[in-house]
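Colleague: final.cif is reproduced below (mmCIF, C-alpha atoms).
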data_final
loop_
_atom_site.group_PDB
_atom_site.id
_atom_site.type_symbol
_atom_site.label_atom_id
_atom_site.label_comp_id
_atom_site.auth_asym_id
_atom_site.auth_seq_id
_atom_site.Cartn_x
_atom_site.Cartn_y
_atom_site.Cartn_z
ATOM 1 C CA MET A 1 0.000 0.000 0.000
ATOM 2 C CA SER A 2 1.401 3.401 -0.989
ATOM 3 C CA ARG A 3 2.001 6.004 1.701
ATOM 4 C CA SER A 4 0.692 9.544 1.694
ATOM 5 C CA PHE A 5 2.774 12.482 2.900
ATOM 6 C CA ALA A 6 2.229 15.971 4.264
ATOM 7 C CA PHE A 7 5.389 18.062 3.795
ATOM 8 C CA LEU A 8 5.764 20.962 6.233
ATOM 9 C CA VAL A 9 8.457 23.232 4.792
ATOM 10 C CA ASN A 10 10.380 25.885 6.695
ATOM 11 C CA ARG A 11 10.810 28.448 3.935
ATOM 12 C CA SER A 12 13.606 30.273 5.809
ATOM 13 C CA SER A 13 15.831 27.276 6.563
ATOM 14 C CA GLY A 14 18.817 26.522 4.356
ATOM 15 C CA SER A 15 17.553 25.005 1.113
ATOM 16 C CA GLY A 16 14.123 24.001 2.485
ATOM 17 C CA PRO A 17 11.788 24.909 -0.406
ATOM 18 C CA GLY A 18 14.212 23.753 -3.071
ATOM 19 C CA ALA A 19 14.988 20.506 -1.276
ATOM 20 C CA ALA A 20 11.315 19.520 -1.168
ATOM 21 C CA ILE A 21 10.774 19.605 -4.922
ATOM 22 C CA PRO A 22 12.881 16.635 -6.128
ATOM 23 C CA VAL A 23 11.831 14.413 -3.220
ATOM 24 C CA ALA A 24 8.140 15.197 -3.745
ATOM 25 C CA ARG A 25 8.534 14.419 -7.454
ATOM 26 C CA LEU A 26 10.144 11.033 -6.723
ATOM 27 C CA LEU A 27 7.417 10.128 -4.253
ATOM 28 C CA ARG A 28 4.658 11.042 -6.705
ATOM 29 C CA GLU A 29 6.370 9.037 -9.441
ATOM 30 C CA ALA A 30 6.255 6.066 -7.044
ATOM 31 C CA GLY A 31 2.488 6.525 -6.675
ATOM 32 C CA ALA A 32 2.417 8.381 -3.360
ATOM 33 C CA THR A 33 0.208 11.339 -2.524
ATOM 34 C CA VAL A 34 2.217 14.413 -1.449
ATOM 35 C CA GLU A 35 0.805 17.641 -0.036
ATOM 36 C CA VAL A 36 3.180 20.554 0.606
ATOM 37 C CA SER A 37 2.695 23.476 3.029
ATOM 38 C CA TYR A 38 5.232 26.310 3.180
ATOM 39 C CA SER A 39 5.882 28.011 6.552
ATOM 40 C CA PRO A 40 2.225 28.169 7.558
ATOM 41 C CA GLY A 41 2.895 29.592 11.039
ATOM 42 C CA PRO A 42 2.696 27.900 14.485
ATOM 43 C CA ARG A 43 -1.089 27.597 14.764
ATOM 44 C CA ALA A 44 -1.611 26.511 11.167
ATOM 45 C CA THR A 45 1.267 24.033 11.519
ATOM 46 C CA LEU A 46 -0.448 22.330 14.467
ATOM 47 C CA GLU A 47 -3.675 22.191 12.476
ATOM 48 C CA ALA A 48 -1.832 20.705 9.502
ATOM 49 C CA ILE A 49 -0.256 18.031 11.698
ATOM 50 C CA GLY A 50 -3.649 17.141 13.145
ATOM 51 C CA HIS A 51 -5.235 16.970 9.699
ATOM 52 C CA ALA A 52 -2.422 14.752 8.428
ATOM 53 C CA ALA A 53 -2.574 12.439 11.448
ATOM 54 C CA ASP A 54 -6.357 12.074 11.123
ATOM 55 C CA ARG A 55 -5.908 10.857 7.541
ATOM 56 C CA GLY A 56 -2.952 8.587 8.299
ATOM 57 C CA TYR A 57 -0.482 10.736 6.354
ATOM 58 C CA VAL A 58 3.206 10.739 7.230
ATOM 59 C CA VAL A 59 4.231 14.229 8.378
ATOM 60 C CA VAL A 60 7.567 15.231 6.828
ATOM 61 C CA SER A 61 9.717 17.910 8.468
ATOM 62 C CA VAL A 62 11.452 19.879 5.692
ATOM 63 C CA GLY A 63 13.980 22.117 7.386
ATOM 64 C CA GLY A 64 16.584 21.930 10.113
ATOM 65 C CA ASP A 65 16.670 20.743 13.702
ATOM 66 C CA GLY A 66 14.572 23.634 14.969
ATOM 67 C CA MET A 67 11.795 22.783 12.507
ATOM 68 C CA LEU A 68 11.984 19.125 13.484
ATOM 69 C CA SER A 69 11.651 19.910 17.173
ATOM 70 C CA SER A 70 8.768 22.295 16.550
ATOM 71 C CA ILE A 71 6.584 19.530 15.097
ATOM 72 C CA ALA A 72 7.906 16.252 16.572
ATOM 73 C CA GLY A 73 6.094 16.628 19.884
ATOM 74 C CA GLU A 74 2.695 17.175 18.278
ATOM 75 C CA VAL A 75 3.204 14.263 15.869
ATOM 76 C CA ALA A 76 4.118 12.058 18.842
ATOM 77 C CA ARG A 77 1.141 13.270 20.894
ATOM 78 C CA LEU A 78 -1.259 12.374 18.085
ATOM 79 C CA GLY A 79 0.347 8.980 17.487
ATOM 80 C CA GLY A 80 1.384 9.944 13.963
ATOM 81 C CA THR A 81 4.489 9.101 11.954
ATOM 82 C CA LEU A 82 7.276 11.556 11.158
ATOM 83 C CA GLY A 83 9.748 11.640 8.295
ATOM 84 C CA ILE A 84 12.737 13.954 7.914
ATOM 85 C CA LEU A 85 13.920 15.830 4.845
ATOM 86 C CA PRO A 86 16.975 17.676 6.193
ATOM 87 C CA SER A 87 17.489 21.092 4.621
ATOM 88 C CA GLY A 88 18.678 23.349 7.441
ATOM 89 C CA ARG A 89 22.112 24.603 8.439
ATOM 90 C CA GLY A 90 22.825 21.925 11.046
ATOM 91 C CA ASN A 91 20.735 18.815 10.281
ATOM 92 C CA ASP A 92 22.230 17.142 13.337
ATOM 93 C CA PHE A 93 19.323 14.824 14.092
ATOM 94 C CA ALA A 94 19.408 13.542 10.511
ATOM 95 C CA ARG A 95 23.145 13.027 10.997
ATOM 96 C CA MET A 96 22.444 11.052 14.168
ATOM 97 C CA ILE A 97 20.171 8.583 12.368
ATOM 98 C CA GLY A 98 22.573 8.291 9.429
ATOM 99 C CA LEU A 99 20.142 9.749 6.919
ATOM 100 C CA ASP A 100 21.627 10.110 3.437
ATOM 101 C CA PRO A 101 20.691 13.628 2.186
ATOM 102 C CA ALA A 102 20.465 12.628 -1.491
ATOM 103 C CA PRO A 103 16.878 13.021 -2.786
ATOM 104 C CA GLU A 104 16.741 9.405 -3.971
ATOM 105 C CA ALA A 105 17.809 8.137 -0.527
ATOM 106 C CA ILE A 106 15.330 10.391 1.279
ATOM 107 C CA ALA A 107 12.494 9.219 -0.970
ATOM 108 C CA ARG A 108 13.439 5.584 -0.443
ATOM 109 C CA THR A 109 13.481 6.032 3.339
ATOM 110 C CA LEU A 110 10.086 7.734 3.296
ATOM 111 C CA LEU A 111 8.582 5.010 1.127
ATOM 112 C CA GLU A 112 10.176 1.925 2.650
ATOM 113 C CA ALA A 113 11.378 2.496 6.231
ATOM 114 C CA GLU A 114 9.311 1.158 9.100
ATOM 115 C CA PRO A 115 8.156 3.574 11.830
ATOM 116 C CA THR A 116 10.633 3.165 14.694
ATOM 117 C CA PRO A 117 10.001 4.245 18.316
ATOM 118 C CA THR A 118 12.384 7.120 18.986
ATOM 119 C CA ASP A 119 13.099 9.079 22.174
ATOM 120 C CA LEU A 120 12.386 12.777 22.518
ATOM 121 C CA ILE A 121 13.145 15.360 25.196
ATOM 122 C CA LYS A 122 10.391 17.006 27.190
ATOM 123 C CA ALA A 123 11.735 20.304 28.525
ATOM 124 C CA THR A 124 9.872 22.328 31.149
ATOM 125 C CA LEU A 125 11.364 25.797 30.924
ATOM 126 C CA PRO A 126 11.875 28.196 33.821
ATOM 127 C CA GLY A 127 8.432 29.666 34.332
ATOM 128 C CA GLY A 128 6.633 26.428 33.441
ATOM 129 C CA ALA A 129 6.284 26.465 29.643
ATOM 130 C CA ALA A 130 6.685 23.012 28.059
ATOM 131 C CA ARG A 131 8.816 22.435 24.982
ATOM 132 C CA CYS A 132 9.588 19.296 22.975
ATOM 133 C CA VAL A 133 13.166 18.977 21.723
ATOM 134 C CA ALA A 134 14.526 16.210 19.522
ATOM 135 C CA GLY A 135 18.288 16.610 19.912
ATOM 136 C CA SER A 136 19.573 18.506 22.942
ATOM 137 C CA VAL A 137 19.011 21.317 25.407
ATOM 138 C CA TYR A 138 22.027 23.349 26.544
ATOM 139 C CA ALA A 139 22.956 26.261 28.784
ATOM 140 C CA GLY A 140 26.037 28.478 28.855
ATOM 141 C CA ALA A 141 28.648 29.102 26.177
ATOM 142 C CA ASP A 142 27.064 26.781 23.618
ATOM 143 C CA ALA A 143 23.703 28.570 23.845
ATOM 144 C CA GLN A 144 25.575 31.825 23.237
ATOM 145 C CA THR A 145 27.146 30.169 20.201
ATOM 146 C CA ALA A 146 23.746 29.224 18.783
ATOM 147 C CA ASP A 147 22.595 32.801 19.215
ATOM 148 C CA LEU A 148 25.713 34.155 17.480
ATOM 149 C CA VAL A 149 25.188 31.847 14.500
ATOM 150 C CA ASN A 150 22.148 33.871 13.550
ATOM 151 C CA ARG A 151 24.374 36.959 13.292
ATOM 152 C CA VAL A 152 27.053 35.484 11.018
ATOM 153 C CA ARG A 153 24.905 34.210 8.175
ATOM 154 C CA TRP A 154 27.068 36.256 5.812
ATOM 155 C CA LEU A 155 29.788 33.614 6.288
ATOM 156 C CA PRO A 156 29.787 30.374 4.252
ATOM 157 C CA ARG A 157 27.541 27.850 6.013
ATOM 158 C CA ARG A 158 30.387 25.493 6.947
ATOM 159 C CA LEU A 159 32.139 28.333 8.817
ATOM 160 C CA GLN A 160 29.165 29.755 10.720
ATOM 161 C CA TYR A 161 29.157 27.416 13.715
ATOM 162 C CA PRO A 162 32.957 27.251 14.151
ATOM 163 C CA ALA A 163 33.282 31.046 13.966
ATOM 164 C CA ALA A 164 30.458 31.569 16.444
ATOM 165 C CA ALA A 165 31.850 28.918 18.807
ATOM 166 C CA VAL A 166 35.324 30.461 18.878
ATOM 167 C CA THR A 167 33.818 33.903 19.528
ATOM 168 C CA SER A 168 31.630 32.537 22.333
ATOM 169 C CA LEU A 169 34.493 30.667 24.014
ATOM 170 C CA ALA A 170 36.652 33.776 23.901
ATOM 171 C CA ARG A 171 33.968 35.698 25.801
ATOM 172 C CA PHE A 172 32.398 33.133 28.144
ATOM 173 C CA VAL A 173 32.089 33.655 31.885
ATOM 174 C CA PRO A 174 31.740 30.453 33.952
ATOM 175 C CA SER A 175 28.635 29.853 36.011
ATOM 176 C CA SER A 176 27.775 27.656 38.980
ATOM 177 C CA PHE A 177 25.307 24.986 37.873
ATOM 178 C CA SER A 178 23.102 23.025 40.272
ATOM 179 C CA LEU A 179 21.936 19.743 38.775
ATOM 180 C CA VAL A 180 19.707 16.967 40.047
ATOM 181 C CA ILE A 181 20.011 13.804 37.940
ATOM 182 C CA ASP A 182 17.522 11.082 38.880
ATOM 183 C CA GLY A 183 17.518 12.397 42.443
ATOM 184 C CA THR A 184 21.285 12.806 42.844
ATOM 185 C CA GLU A 185 22.543 16.380 43.334
ATOM 186 C CA HIS A 186 25.611 17.823 41.644
ATOM 187 C CA THR A 187 27.121 21.302 41.845
ATOM 188 C CA VAL A 188 29.698 22.290 39.231
ATOM 189 C CA THR A 189 31.401 25.403 37.913
ATOM 190 C CA ALA A 190 31.215 25.081 34.156
ATOM 191 C CA ALA A 191 31.274 26.814 30.797
ATOM 192 C CA CYS A 192 28.217 24.884 29.671
ATOM 193 C CA VAL A 193 25.899 21.973 30.422
ATOM 194 C CA VAL A 194 24.291 19.924 27.650
ATOM 195 C CA VAL A 195 21.415 17.478 28.131
ATOM 196 C CA ALA A 196 21.528 15.342 24.997
ATOM 197 C CA ASN A 197 19.221 12.829 23.383
ATOM 198 C CA SER A 198 21.155 12.937 20.095
ATOM 199 C CA GLY A 199 24.945 12.755 19.945
ATOM 200 C CA TYR A 200 25.336 15.728 17.590
ATOM 201 C CA TYR A 201 24.703 19.453 17.714
ATOM 202 C CA GLY A 202 26.161 22.641 16.245
ATOM 203 C CA SER A 203 26.348 21.350 12.662
ATOM 204 C CA GLY A 204 28.363 18.197 13.241
ATOM 205 C CA MET A 205 29.890 18.590 16.701
ATOM 206 C CA ARG A 206 29.789 15.178 18.411
ATOM 207 C CA ILE A 207 29.027 16.610 21.812
ATOM 208 C CA ALA A 208 27.668 13.377 23.360
ATOM 209 C CA PRO A 209 29.322 10.443 21.583
ATOM 210 C CA SER A 210 27.641 7.796 23.750
ATOM 211 C CA ALA A 211 24.123 9.201 23.361
ATOM 212 C CA SER A 212 21.386 7.040 21.846
ATOM 213 C CA ILE A 213 17.938 8.065 20.643
ATOM 214 C CA ASP A 214 16.335 4.772 21.630
ATOM 215 C CA ASP A 215 17.792 3.832 25.029
ATOM 216 C CA GLY A 216 15.344 5.735 27.247
ATOM 217 C CA GLU A 217 18.082 7.856 28.816
ATOM 218 C CA LEU A 218 19.735 11.242 28.306
ATOM 219 C CA ASP A 219 23.439 12.097 28.401
ATOM 220 C CA VAL A 220 24.453 15.084 30.533
ATOM 221 C CA VAL A 221 27.710 16.605 29.277
ATOM 222 C CA ILE A 222 29.342 19.081 31.649
ATOM 223 C CA ILE A 223 32.219 21.120 30.263
ATOM 224 C CA GLY A 224 34.123 22.522 33.212
ATOM 225 C CA ALA A 225 35.394 26.084 33.298
ATOM 226 C CA ALA A 226 38.963 25.756 32.074
ATOM 227 C CA GLY A 227 40.855 28.852 30.931
ATOM 228 C CA ARG A 228 39.740 30.471 27.704
ATOM 229 C CA LEU A 229 42.944 29.523 25.875
ATOM 230 C CA ASP A 230 42.630 25.890 26.968
ATOM 231 C CA MET A 231 39.003 25.867 25.848
ATOM 232 C CA LEU A 232 39.913 27.240 22.446
ATOM 233 C CA ARG A 233 42.712 24.698 22.022
ATOM 234 C CA ALA A 234 40.391 21.827 22.963
ATOM 235 C CA PHE A 235 37.505 23.012 20.777
ATOM 236 C CA PRO A 236 38.417 20.959 17.646
ATOM 237 C CA GLN A 237 38.099 17.750 19.696
ATOM 238 C CA VAL A 238 34.349 18.191 19.987
ATOM 239 C CA TYR A 239 33.983 17.263 16.300
ATOM 240 C CA ASP A 240 35.161 13.682 16.830
ATOM 241 C CA GLY A 241 33.907 13.313 20.409
ATOM 242 C CA SER A 242 37.360 12.968 21.951
ATOM 243 C CA HIS A 243 36.697 15.980 24.210
ATOM 244 C CA VAL A 244 34.928 13.642 26.648
ATOM 245 C CA GLY A 245 38.354 12.282 27.616
ATOM 246 C CA LEU A 246 39.512 15.672 28.898
ATOM 247 C CA ASP A 247 39.812 16.194 32.654
ATOM 248 C CA GLN A 248 37.387 19.117 32.645
ATOM 249 C CA VAL A 249 34.582 17.169 30.923
ATOM 250 C CA GLN A 250 32.099 14.953 32.780
ATOM 251 C CA VAL A 251 29.451 12.759 31.178
ATOM 252 C CA LEU A 252 26.561 11.596 33.346
ATOM 253 C CA ARG A 253 23.306 9.867 32.414
ATOM 254 C CA GLY A 254 19.734 9.956 33.595
ATOM 255 C CA ARG A 255 16.056 10.034 32.750
ATOM 256 C CA SER A 256 15.020 13.167 34.643
ATOM 257 C CA ILE A 257 17.290 16.178 35.130
ATOM 258 C CA THR A 258 16.874 19.644 36.595
ATOM 259 C CA VAL A 259 19.429 22.388 35.982
ATOM 260 C CA ALA A 260 19.779 25.871 37.515
ATOM 261 C CA ALA A 261 22.583 28.431 37.156
ATOM 262 C CA ARG A 262 24.108 31.377 39.023
ATOM 263 C CA PRO A 263 24.749 33.816 37.439
ATOM 264 C CA ALA A 264 22.108 33.361 34.756
ATOM 265 C CA VAL A 265 23.247 32.039 31.385
ATOM 266 C CA ALA A 266 21.753 31.697 27.907
ATOM 267 C CA LEU A 267 19.556 28.650 27.284
ATOM 268 C CA GLY A 268 18.856 26.958 23.967
ATOM 269 C CA GLY A 269 17.591 23.820 22.294
ATOM 270 C CA ASP A 270 18.250 22.464 18.788
ATOM 271 C CA GLY A 271 19.563 25.793 17.539
ATOM 272 C CA GLU A 272 16.687 27.855 18.933
ATOM 273 C CA PRO A 273 16.991 30.336 21.840
ATOM 274 C CA LEU A 274 14.956 29.365 24.909
ATOM 275 C CA GLY A 275 15.625 32.407 27.073
ATOM 276 C CA MET A 276 17.835 32.521 30.157
ATOM 277 C CA LEU A 277 18.566 29.933 32.849
ATOM 278 C CA GLY A 278 18.980 31.268 36.375
ATOM 279 C CA PRO A 279 18.008 29.999 39.842
ATOM 280 C CA ASP A 280 14.552 28.992 38.557
ATOM 281 C CA PRO A 281 15.395 25.527 37.205
ATOM 282 C CA LEU A 282 14.951 23.904 33.847
ATOM 283 C CA ARG A 283 13.526 20.372 34.012
ATOM 284 C CA VAL A 284 14.371 17.883 31.281
ATOM 285 C CA ASP A 285 12.751 14.447 31.011
ATOM 286 C CA VAL A 286 13.187 11.735 28.431
ATOM 287 C CA ALA A 287 10.034 10.795 26.517
ATOM 288 C CA ALA A 288 11.118 7.222 25.785
ATOM 289 C CA GLY A 289 9.966 5.860 22.440
ATOM 290 C CA ALA A 290 7.466 8.702 22.093
ATOM 291 C CA LEU A 291 7.910 9.324 18.357
ATOM 292 C CA ARG A 292 7.286 6.972 15.432
ATOM 293 C CA LEU A 293 10.084 7.968 13.060
ATOM 294 C CA LEU A 294 10.941 6.729 9.576
ATOM 295 C CA ARG A 295 14.672 5.998 9.732
#
Using the file provided, produce a representation of the structure as C-alpha cells.
Modeller:
Amino acid sequence: MSRSFAFLVNRSSGSGPGAAIPVARLLREAGATVEVSYSPGPRATLEAIGHAADRGYVVVSVGGDGMLSSIAGEVARLGGTLGILPSGRGNDFARMIGLDPAPEAIARTLLEAEPTPTDLIKATLPGGAARCVAGSVYAGADAQTADLVNRVRWLPRRLQYPAAAVTSLARFVPSSFSLVIDGTEHTVTAACVVVANSGYYGSGMRIAPSASIDDGELDVVIIGAAGRLDMLRAFPQVYDGSHVGLDQVQVLRGRSITVAARPAVALGGDGEPLGMLGPDPLRVDVAAGALRLLR
C-alpha cells in the first residue's frame, strides 16, 4: 500500500523549499500522494499536523533541527508518523540517524522504512512552559554560540558554527550549575551543560558520543570552566567526540534532570533560543519511544 505524505516546509531554513521539490517528485512518481505546506505559522502548523494524522499521512519535516523539534512533539502526541527531509544549516538529528541527504535516498526512506520508536526530550522551561526537543538542550557558552550563529549568516555555512563557537568561548564567563540527575545532586562550575538525546549538535559537533535516541536515557555533558585559551585549544576535539576524555569534561546519564545556574546564562535547544537559565530551574525528562520515526 502506498504512503501519503504531508510536507511541512520551513521556507527560511537553508535550502528548504528547493529541497522539497525533487523528493516530492520522486514520491509522486512512485504513486504516493504528497501535499506541501510552506511556513504556515505555528497555529496553522499544528492544524496541519492534526489533519495529516487524522488521515494517516506521514508528516515530513522539511527544514533543520529547529523545525523538526517544533513539530515532533505534536506528531508524537497524536500517534502519527514523522519523516525527515533535512534542509537546514545543522541537520544534526538527521546526521544522528545516518540519513543520506540525497533526494533518492530520502524518498526511499520515506517510502520503505518502518516507523521506529524514537526518544524525545520534554523540557519544562523556567516559568513552566513546556517544549519538545529532539536533539539537545544546553545552557552556557554553547547557547551563546547558537545565538551568534544567527548573526554570522554572511559567512559560508560550513564556517558559521565554528566562527560563532570560537567567539563565544573567547567571551564566556563560567557559572555555577546546580543539577539533580535522577535524584542525585551535583554542583559544578562550568562553561556549559548539555542534556543530549542525540549525539550531535552545532552542525556536526559530536558533543555526546555515547548518546542514543532509543535507550530511554539522556546524556548530561558538563564542560568545566577551564581557561579560555585551553578551551579554544580543545575546541576541535568536539567534532570527533574525543573531548569527553579531557579532565574538565564529565558525562553523566539519567532520565530526569533539573538544571539551575548562578549567574544566569543563555539557554537553547536544537539551535533555537529558549531564554535565560537562572536559579529557577529547567527540568528535562526523556520521553522514551514517544515518536514513530521513519529511519
Colleague: Between A:Leu85, A:Ala208, A:Ala53, A:Ala123, single out the one closest to Ala19 in chain A, counting all atoms listed in the file.
Modeller: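 Smallest distance to Ala19 in chain A is found for A:Leu85.
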Colleague: Within 7 Å of Gly254 in chain A, counting only C-alpha atoms, which residues qualify if same-chain residues fewer than 6 places away don't, as a list of chain:residue names?
Modeller: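 Surrounding residues, per the criterion: A:Ile181, A:Asp182, A:Glu217, A:Leu218, A:Asp219.
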Colleague: CA of Pro40 in chain A to CA of Leu111 in chain A: how many Å, to one decimal?
Modeller: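 About the pair CA of Pro40 in chain A and CA of Leu111 in chain A: they are 24.9 Å apart.
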Colleague: Output as a Markdown table one row per residue of range 153-222 of chain A within 8 Å of range 256-274 of chain A: the closest atom pair and its distance in Å to one decimal place, counting only C-alpha atoms, sorted by chain and residue number ascending.
Modeller:
| residue | atom | partner | partner_atom | distance |
| --- | --- | --- | --- | --- |
| A:Ser175 | CA | A:Arg262 | CA | 5.6 |
| A:Ser176 | CA | A:Arg262 | CA | 5.2 |
| A:Phe177 | CA | A:Ala261 | CA | 4.4 |
| A:Ser178 | CA | A:Ala260 | CA | 5.2 |
| A:Leu179 | CA | A:Val259 | CA | 4.6 |
| A:Val180 | CA | A:Thr258 | CA | 5.2 |
| A:Ile181 | CA | A:Ile257 | CA | 4.6 |
| A:Asp182 | CA | A:Ser256 | CA | 5.3 |
| A:Tyr201 | CA | A:Asp270 | CA | 7.2 |
| A:Gly202 | CA | A:Gly271 | CA | 7.4 |
Colleague: Have a look at A:Ala163, A:Ala196, A:Ala139, A:Ile121 and name the one nearest to Met96 in chain A; count all atoms listed in the file.
Modeller: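 Looking only at the distances to Met96 in chain A, the closest residue turns out to be A:Ala196.
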Colleague: Find, counting all atoms listed in the file, the residue in A:Arg108, A:His243, A:Arg11, A:Arg89 that gets nearest to Val62 in chain A.
Modeller: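 So, comparing all the options, the nearest one is A:Arg11.
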Colleague: Taking the file above as input, evaluate the PyMOL selection byres ((chain A and resi 81) around 7) and report the hits as a list in words.
Modeller: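 Selection result, ordered by chain and number: Val58, Val59, Val75, Gly79, Gly80, Leu82, Gly83, Pro115, Arg292 and Leu293 of chain A.
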Colleague: With distances taken over all atoms listed in the file, which residue among A:Ala130, A:Val137, A:Leu110, A:Ala44 lies nearest Gly73 in chain A?
Modeller: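 Counting all atoms listed in the file, the residue closest to Gly73 in chain A is A:Ala130.
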Colleague: With distances taken over all atoms listed in the file, which residue among A:Val60, A:Ala6, A:Val286, A:Leu169 lies nearest Ala134 in chain A?
Modeller: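 Counting all atoms listed in the file, the residue closest to Ala134 in chain A is A:Val286.
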Colleague: Which residues, named as in the file, does the PyMOL selection byres ((chain A and resi 211) around 12) pick out? Answer as a PyMOL selection string.
Modeller: chain A and resi 93+96-97+119+135-136+194-201+206-210+212-221+241+251-254
Colleague: For Thr145 in chain A, work out the shell of residues within 9 Å, counting all atoms listed in the file and skipping chain neighbours fewer than 6 positions away, then give it as a ChimeraX atom specification.
Modeller: /A:161-169,202
Colleague: Just to be explicit: take each residue in the selection above, keep C-alpha atoms, and write the result as a compact mmCIF listing (two decimals), in the coordinates of the input.
Modeller:
# COMPACT_ATOMS: atom_id res chain seq x y z
CA TYR A 161 29.16 27.42 13.72
CA PRO A 162 32.96 27.25 14.15
CA ALA A 163 33.28 31.05 13.97
CA ALA A 164 30.46 31.57 16.44
CA ALA A 165 31.85 28.92 18.81
CA VAL A 166 35.32 30.46 18.88
CA THR A 167 33.82 33.90 19.53
CA SER A 168 31.63 32.54 22.33
CA LEU A 169 34.49 30.67 24.01
CA GLY A 202 26.16 22.64 16.24
Colleague: Can you pull out every residue within 8 Å of Glu104 in chain A, counting all atoms listed in the file, but drop anything in the same chain fewer than 2 positions away, and send it as a PyMOL selection string?
Modeller: chain A and resi 23+26+102+106-108
Colleague: Spell out the residues picked by the PyMOL selection byres ((chain A and resi 237) around 12) here, as a VMD selection string.
Modeller: chain A and resid 204 to 209 230 to 236 238 to 246 249
Colleague: One decimal, in Å: what's the spacing between CA of Ser203 in chain A and CA of Pro126 in chain A?
Modeller: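 Interatomic distance here is 26.5 Å.
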Colleague: So the first atom is CA of Val188 in chain A and the second is CA of Gln248 in chain A; what is the distance between them in Å, to one decimal place?
Modeller: 10.6 Å
Colleague: List as a ChimeraX atom specification: which residues have an atom within 7 Å of (11.2, 6.6, 23.4), counting only C-alpha atoms?
Modeller: /A:117-120,214,216,287-291
Colleague: For the selection just defined, write its residues with C-alpha atoms to a file, as a tab-separated table (two decimals), keeping the file's coordinate frame.
Modeller:
chain	number	residue	atom	x	y	z
A	117	PRO	CA	10.00	4.24	18.32
A	118	THR	CA	12.38	7.12	18.99
A	119	ASP	CA	13.10	9.08	22.17
A	120	LEU	CA	12.39	12.78	22.52
A	214	ASP	CA	16.34	4.77	21.63
A	216	GLY	CA	15.34	5.74	27.25
A	287	ALA	CA	10.03	10.80	26.52
A	288	ALA	CA	11.12	7.22	25.78
A	289	GLY	CA	9.97	5.86	22.44
A	290	ALA	CA	7.47	8.70	22.09
A	291	LEU	CA	7.91	9.32	18.36
Colleague: Go through A:Leu282, A:Ser61, A:Arg171, A:Glu114 and flag the residue nearest Val36 in chain A, using only C-alpha atoms for the distances.
Modeller: A:Ser61
Colleague: Near Ser70 in chain A, counting all atoms listed in the file, which residues have an atom at most 9 Å away, once you skip same-chain residues fewer than 4 positions from it, shown as a list of chain:residue names?
Modeller: A:Pro42, A:Asp65, A:Gly66, A:Glu74, A:Arg131, A:Cys132, A:Val133, A:Ala134
Colleague: Regenerate range 101-113 of chain A at the level of N, CA and C atoms and dump it as a CSV table (one decimal), in the coordinates of the input.
Modeller:
chain,number,residue,atom,x,y,z
A,101,PRO,N,21.5,12.5,2.6
A,101,PRO,CA,20.7,13.6,2.2
A,101,PRO,C,20.3,13.6,0.7
A,102,ALA,N,20.8,12.7,-0.1
A,102,ALA,CA,20.5,12.6,-1.5
A,102,ALA,C,19.0,12.4,-1.7
A,103,PRO,N,18.3,13.1,-2.6
A,103,PRO,CA,16.9,13.0,-2.8
A,103,PRO,C,16.4,11.6,-3.0
A,104,GLU,N,17.1,10.8,-3.7
A,104,GLU,CA,16.7,9.4,-4.0
A,104,GLU,C,16.7,8.6,-2.7
A,105,ALA,N,17.7,8.8,-1.8
A,105,ALA,CA,17.8,8.1,-0.5
A,105,ALA,C,16.7,8.6,0.4
A,106,ILE,N,16.4,9.9,0.4
A,106,ILE,CA,15.3,10.4,1.3
A,106,ILE,C,14.0,9.8,0.8
A,107,ALA,N,13.7,9.8,-0.5
A,107,ALA,CA,12.5,9.2,-1.0
A,107,ALA,C,12.4,7.7,-0.6
A,108,ARG,N,13.5,7.0,-0.8
A,108,ARG,CA,13.4,5.6,-0.4
A,108,ARG,C,13.1,5.3,1.0
A,109,THR,N,13.8,6.2,1.9
A,109,THR,CA,13.5,6.0,3.3
A,109,THR,C,12.0,6.3,3.6
A,110,LEU,N,11.5,7.4,3.1
A,110,LEU,CA,10.1,7.7,3.3
A,110,LEU,C,9.1,6.7,2.8
A,111,LEU,N,9.5,6.0,1.7
A,111,LEU,CA,8.6,5.0,1.1
A,111,LEU,C,8.7,3.6,1.8
A,112,GLU,N,9.9,3.3,2.2
A,112,GLU,CA,10.2,1.9,2.6
A,112,GLU,C,10.5,1.7,4.1
A,113,ALA,N,11.0,2.7,4.8
A,113,ALA,CA,11.4,2.5,6.2
A,113,ALA,C,10.2,2.2,7.1
